[in-house]
Each structure stands twice: as structure tokens, then as C-alpha cells.
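Notes follow once the structure below has been shown.
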Amino acid sequence: MRIGVLALQGAVQEHERALRRLGAEVVQVRLPVDLDGVSGLVLPGGESTVMARYLDEYGLGRAIRDRAAAGMALFGVCAGAILLCEEVDGRPGALGLLPAKATRNAYGRQLASFEETIDSPVGRFAGLFIRAPRLEALGATETLARRATERGGEAVLLRYGGVLAASFHPELSGDDRLHEYFLRLAAA
Ligand code: GLN
């Protein structure tokens with residue numbers, strides 16, 4: 001199965017390695033043509049404002065929306081999750097493929113990065129949060145995992161059909177189970 005990793009900017013290699021360990025054929029996606037034959041696309045962490053600008057300039061945003069409508073699965077991590085959300089900081093998001101709201105850099109400076117164990121559909125997972133957004137499901141979007149905080153169990157993993165979004169970085173934990181979960185979505 002061929003899986004693309006959006007390679008405009010950000011933490012691309014760690015996703016490539018995880019996907020290859022799981023036996024996927026991995027291609028870097030920079031232009032619409034790179035999406036040919038791709039069953040799933042990972043949108044990595046990085047800087048969502050920079051990636052959103054490139055998506056527009058290279059005509060990739062439109063190509064991704066077309067391919068998603070035709071059944072391509074998507075996995076957005078941190079900045080990648082922000083790109084997928086319908087609403088970002090009260091404005092329309094770049095791709096708008098996930099009924100959800102994102103608040104960028106929601107955990108403030110002191111908590112800019114932290115680690116927390118997440119109860120996920122693949123079992124307990126070491127969640128690494130790096131200048132993470134706060135996510136909130138809208139409409140038919142399912143919340144697959146939440147933080148167990150006093151502030152009310154914020155969503156950290158969302159799914160809407162073949163669209164998966166995490167506010168933490170599974171590619172940095174050395175644990176490939178969420179990538180494996182994504183490959184099953186892409187195969188479906
Ligand atoms: N704070 C970044 C943004 O808003 C996301 C950080 C990350 O991807 N680790 O785009």
C-alpha cells in the first residue's frame with residue numbers, strides 16, 4: 001500500500017520511518033502529482049501557517065480535498081491536525097476536512113511541551129505534546145482519546161470516517177501502533 005507524507009515542512013522523516021517499519025511504500029508529497037496511487041496521506045507536525053501557505057501556492061490543498069472525497073485516508077498530527085480542522089482560532093481552516101475546532105498553541109508557554117499517557121483505541125500510549133493545539137470535535141466526529149486533566153478531558157485524538165487527527169506526536173514515541181491503526185483506515 002502506498003502512503004504519502006506531506007513534505008512541505010516539519011517532522012517528515014519520523015513518519016516515513018514508522019510507515020516503512022510497518023511495510024508501507026512511502027512517498028513524499030510536495031505537488032499534486034505526488035498523490036497518484038496514494039491510499040493515505042500523513043500531514044506531519046511543524047508550523048501550520050507555513051504549510052497552509054504552501055498548500056495554496058502549489059495547488060495541493062485542492063488536490064488533497066479531491067483525493068479525500070475519492071476515499072484517500074488522512075492522518076494529521078499537531079500542525080497537520082490543525083490543517084484538517086474546519087475551524088482554527090475562530091476562522092475557517094486550510095483544508096476543512098474534519099468537523100472540529102482547533103485552538104493553536106493552547107497550552108501556553110510553560111506547558112509548551114509535555115508528555116502524558118493517553119488511553120487510546122490501540123491501548124496506553126505515550127503522548128508527546130509539542131506546542132499542541134486544543135481540539136474539539138464537532139458534528140459526527142468521534143473523540144477516540146482524551147487527556148485526563150482536571151480541565152475536563154480535552155480531546156487529543158479525533159476520527160471522522162477516514163480522517164484521523166492527533167494533537168500529540170505518535171511518530172516521536174517509537175511506538176507504531178497508531179500508524180498501524182491509520183494503515184487499517186487507509187486499507188478500508
Ligand atoms: N504550534 C504549531 C502550529 O500551530 C504546531 C506545533 C507542532 O506541530 N508541533 O502550527
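Residues in the C-alpha cells are named by chain (A, B, ... in the order shown) and by number from 1 within that chain; ligands are numbered from 1 in the order shown.
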List all protein, DNA and RNA residues that have any atom at most 10 Å from ligand 1, counting only C-alpha atoms and all ligand atoms, and write the list as number ranges by chain. A: 10-11, 43-52, 76-83, 88, 102-107, 112-113, 128-133, 167-169
Can you tell me, as a list of chain:residue names, what residues are no more than 10 Å from segment 21-25 of chain A when counting only C-alpha atoms, ignoring any on the same chain fewer than 5 positions away?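 Residues meeting the cut-off are A:Met1, A:Arg2, A:Ile3, A:Gly4, A:His15, A:Glu16, A:Val38, A:Asp176, A:Arg177, A:His179, A:Glu180, A:Leu183.
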If DSSP is run on the backbone, what residues of chain A are strand (DSSP E)? A reply as a PyMOL selection string would be ideal. chain A and resi 2-6+25-29+40-43+73-77+85-88+91-92+98-103+113-120+123-130+134-137+142-146+155-160+163-166
Backbone-only DSSP, alpha helix (DSSP H) members of chain A, as a PyMOL selection string: chain A and resi 12-21+48-57+60-69+79-84+177-187
Selection above as a file: N, CA and C atoms, as a compact mmCIF listing (two decimals), in the first residue's frame:
```txt
# COMPACT_ATOMS: atom_id res chain seq x y z
N VAL A 12 8.94 15.24 8.96
CA VAL A 12 8.55 14.31 7.89
C VAL A 12 9.18 12.93 8.09
N GLN A 13 10.49 12.90 8.39
CA GLN A 13 11.25 11.64 8.38
C GLN A 13 10.75 10.62 9.40
N GLU A 14 10.35 11.10 10.57
CA GLU A 14 9.92 10.17 11.62
C GLU A 14 8.68 9.41 11.17
N HIS A 15 7.79 10.07 10.45
CA HIS A 15 6.61 9.39 9.91
C HIS A 15 7.01 8.39 8.83
N GLU A 16 7.93 8.81 7.97
CA GLU A 16 8.38 7.91 6.90
C GLU A 16 8.92 6.62 7.50
N ARG A 17 9.76 6.77 8.54
CA ARG A 17 10.37 5.59 9.17
C ARG A 17 9.30 4.68 9.77
N ALA A 18 8.35 5.27 10.50
CA ALA A 18 7.30 4.46 11.15
C ALA A 18 6.50 3.70 10.09
N LEU A 19 6.14 4.39 9.01
CA LEU A 19 5.32 3.76 7.97
C LEU A 19 6.08 2.65 7.26
N ARG A 20 7.39 2.87 7.04
CA ARG A 20 8.22 1.84 6.38
C ARG A 20 8.37 0.62 7.28
N ARG A 21 8.55 0.87 8.58
CA ARG A 21 8.65 -0.27 9.52
C ARG A 21 7.41 -1.15 9.42
N SER A 48 1.77 25.18 11.13
CA SER A 48 0.59 25.07 10.26
C SER A 48 0.42 26.29 9.36
N THR A 49 0.83 27.47 9.82
CA THR A 49 0.64 28.66 8.97
C THR A 49 1.52 28.56 7.73
N VAL A 50 2.74 28.06 7.90
CA VAL A 50 3.67 27.92 6.76
C VAL A 50 3.14 26.86 5.80
N MET A 51 2.71 25.73 6.36
CA MET A 51 2.21 24.65 5.49
C MET A 51 0.95 25.09 4.74
N ALA A 52 0.09 25.84 5.42
CA ALA A 52 -1.15 26.29 4.77
C ALA A 52 -0.83 27.17 3.56
N ARG A 53 0.20 27.98 3.69
CA ARG A 53 0.56 28.86 2.57
C ARG A 53 1.06 28.04 1.38
N TYR A 54 1.92 27.04 1.65
CA TYR A 54 2.42 26.19 0.55
C TYR A 54 1.29 25.38 -0.08
N LEU A 55 0.36 24.89 0.73
CA LEU A 55 -0.75 24.10 0.19
C LEU A 55 -1.48 24.89 -0.88
N ASP A 56 -1.63 26.15 -0.61
CA ASP A 56 -2.31 27.06 -1.52
C ASP A 56 -1.48 27.32 -2.77
N GLU A 57 -0.20 27.66 -2.56
CA GLU A 57 0.68 28.03 -3.67
C GLU A 57 0.86 26.90 -4.67
N LEU A 60 -1.96 22.20 -3.89
CA LEU A 60 -2.05 20.90 -3.21
C LEU A 60 -3.31 20.77 -2.37
N GLY A 61 -3.75 21.88 -1.80
CA GLY A 61 -4.92 21.85 -0.94
C GLY A 61 -6.12 21.32 -1.70
N ARG A 62 -6.30 21.82 -2.87
CA ARG A 62 -7.41 21.39 -3.71
C ARG A 62 -7.27 19.92 -4.10
N ALA A 63 -6.05 19.54 -4.47
CA ALA A 63 -5.80 18.14 -4.86
C ALA A 63 -6.07 17.19 -3.68
N ILE A 64 -5.68 17.59 -2.48
CA ILE A 64 -5.91 16.75 -1.30
C ILE A 64 -7.42 16.62 -1.04
N ARG A 65 -8.15 17.72 -1.17
CA ARG A 65 -9.60 17.65 -0.96
C ARG A 65 -10.27 16.74 -1.98
N ASP A 66 -9.82 16.83 -3.24
CA ASP A 66 -10.38 15.95 -4.29
C ASP A 66 -10.11 14.48 -3.99
N ARG A 67 -8.85 14.19 -3.60
CA ARG A 67 -8.49 12.80 -3.32
C ARG A 67 -9.20 12.28 -2.07
N ALA A 68 -9.39 13.15 -1.09
CA ALA A 68 -10.09 12.74 0.13
C ALA A 68 -11.54 12.40 -0.20
N ALA A 69 -12.14 13.19 -1.08
CA ALA A 69 -13.53 12.92 -1.49
C ALA A 69 -13.62 11.59 -2.21
N ALA A 79 0.36 20.20 13.93
CA ALA A 79 0.10 21.19 12.88
C ALA A 79 -0.73 20.58 11.75
N GLY A 80 -0.48 19.29 11.46
CA GLY A 80 -1.26 18.60 10.41
C GLY A 80 -2.72 18.48 10.79
N ALA A 81 -2.98 18.26 12.09
CA ALA A 81 -4.37 18.20 12.57
C ALA A 81 -5.03 19.57 12.41
N ILE A 82 -4.27 20.61 12.68
CA ILE A 82 -4.79 21.99 12.52
C ILE A 82 -5.20 22.23 11.06
N LEU A 83 -4.38 21.74 10.13
CA LEU A 83 -4.70 21.92 8.70
C LEU A 83 -6.02 21.25 8.34
N LEU A 84 -6.33 20.13 9.02
CA LEU A 84 -7.54 19.37 8.68
C LEU A 84 -8.82 20.01 9.23
N ARG A 177 1.91 1.87 16.89
CA ARG A 177 0.55 1.32 16.86
C ARG A 177 -0.49 2.28 16.26
N LEU A 178 -0.31 3.58 16.44
CA LEU A 178 -1.30 4.50 15.84
C LEU A 178 -1.10 4.62 14.33
N HIS A 179 0.14 4.50 13.88
CA HIS A 179 0.36 4.47 12.43
C HIS A 179 -0.26 3.20 11.83
N GLU A 180 -0.15 2.12 12.58
CA GLU A 180 -0.75 0.86 12.14
C GLU A 180 -2.29 1.00 12.05
N TYR A 181 -2.85 1.66 13.05
CA TYR A 181 -4.29 1.93 13.07
C TYR A 181 -4.67 2.74 11.83
N PHE A 182 -3.83 3.75 11.50
CA PHE A 182 -4.08 4.57 10.31
C PHE A 182 -4.00 3.73 9.03
N LEU A 183 -3.03 2.83 8.96
CA LEU A 183 -2.91 1.99 7.76
C LEU A 183 -4.17 1.14 7.56
N ARG A 184 -4.78 0.72 8.69
CA ARG A 184 -6.03 -0.04 8.55
C ARG A 184 -7.14 0.85 7.99
N LEU A 185 -7.18 2.12 8.42
CA LEU A 185 -8.18 3.05 7.85
C LEU A 185 -7.93 3.24 6.35
N ALA A 186 -6.65 3.39 6.00
CA ALA A 186 -6.31 3.63 4.59
C ALA A 186 -6.64 2.42 3.72
N ALA A 187 -6.57 1.22 4.33
CA ALA A 187 -6.84 -0.01 3.57
C ALA A 187 -8.34 -0.24 3.40
```
Looking at only C-alpha atoms, which of A:Cys85, A:Ala188, A:Ala165, A:Leu41 is the one that sits closest to Val26 of chain A?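 Of the candidates, the smallest distance to Val26 of chain A is held by A:Leu41.
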Please list as a PyMOL selection string every residue within 12 Å of Ala148 of chain A, counting only C-alpha atoms and excluding residues in the same chain fewer than 2 positions away. chain A and resi 116-120+127+145-146+150-156
For Leu164 of chain A, which residue among A:Pro99, A:Pro92, A:Gly37, A:Gly139 is the nearest when counting only C-alpha atoms? A:Pro99
Would you kindly return, as a list in words, each protein, DNA or RNA residue with an atom no farther than 8 Å from any atom of Glu142 of chain A, considering only C-alpha atoms and excluding same-chain residues fewer than 5 positions away?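 Answer for this query is Ala137, Leu158, Arg159 and Tyr160 of chain A.
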State, in Å with one decimal place, the distance from atom CA of Arg30 of chain A to atom CA of Val42 of chain A.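 Between atom CA of Arg30 of chain A and atom CA of Val42 of chain A the gap is 12.2 Å.
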Quick one: distance from atom CA of Val29 of chain A to atom CA of Ala73 of chain A in Å, one decimal?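 Taking atom CA of Val29 of chain A and atom CA of Ala73 of chain A, their separation equals 14.3 Å.
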For the atom pair atom CA of Ser173 of chain A and atom CA of Ser39 of chain A, what is the interatomic distance in Å to one decimal place? 24.1 Å
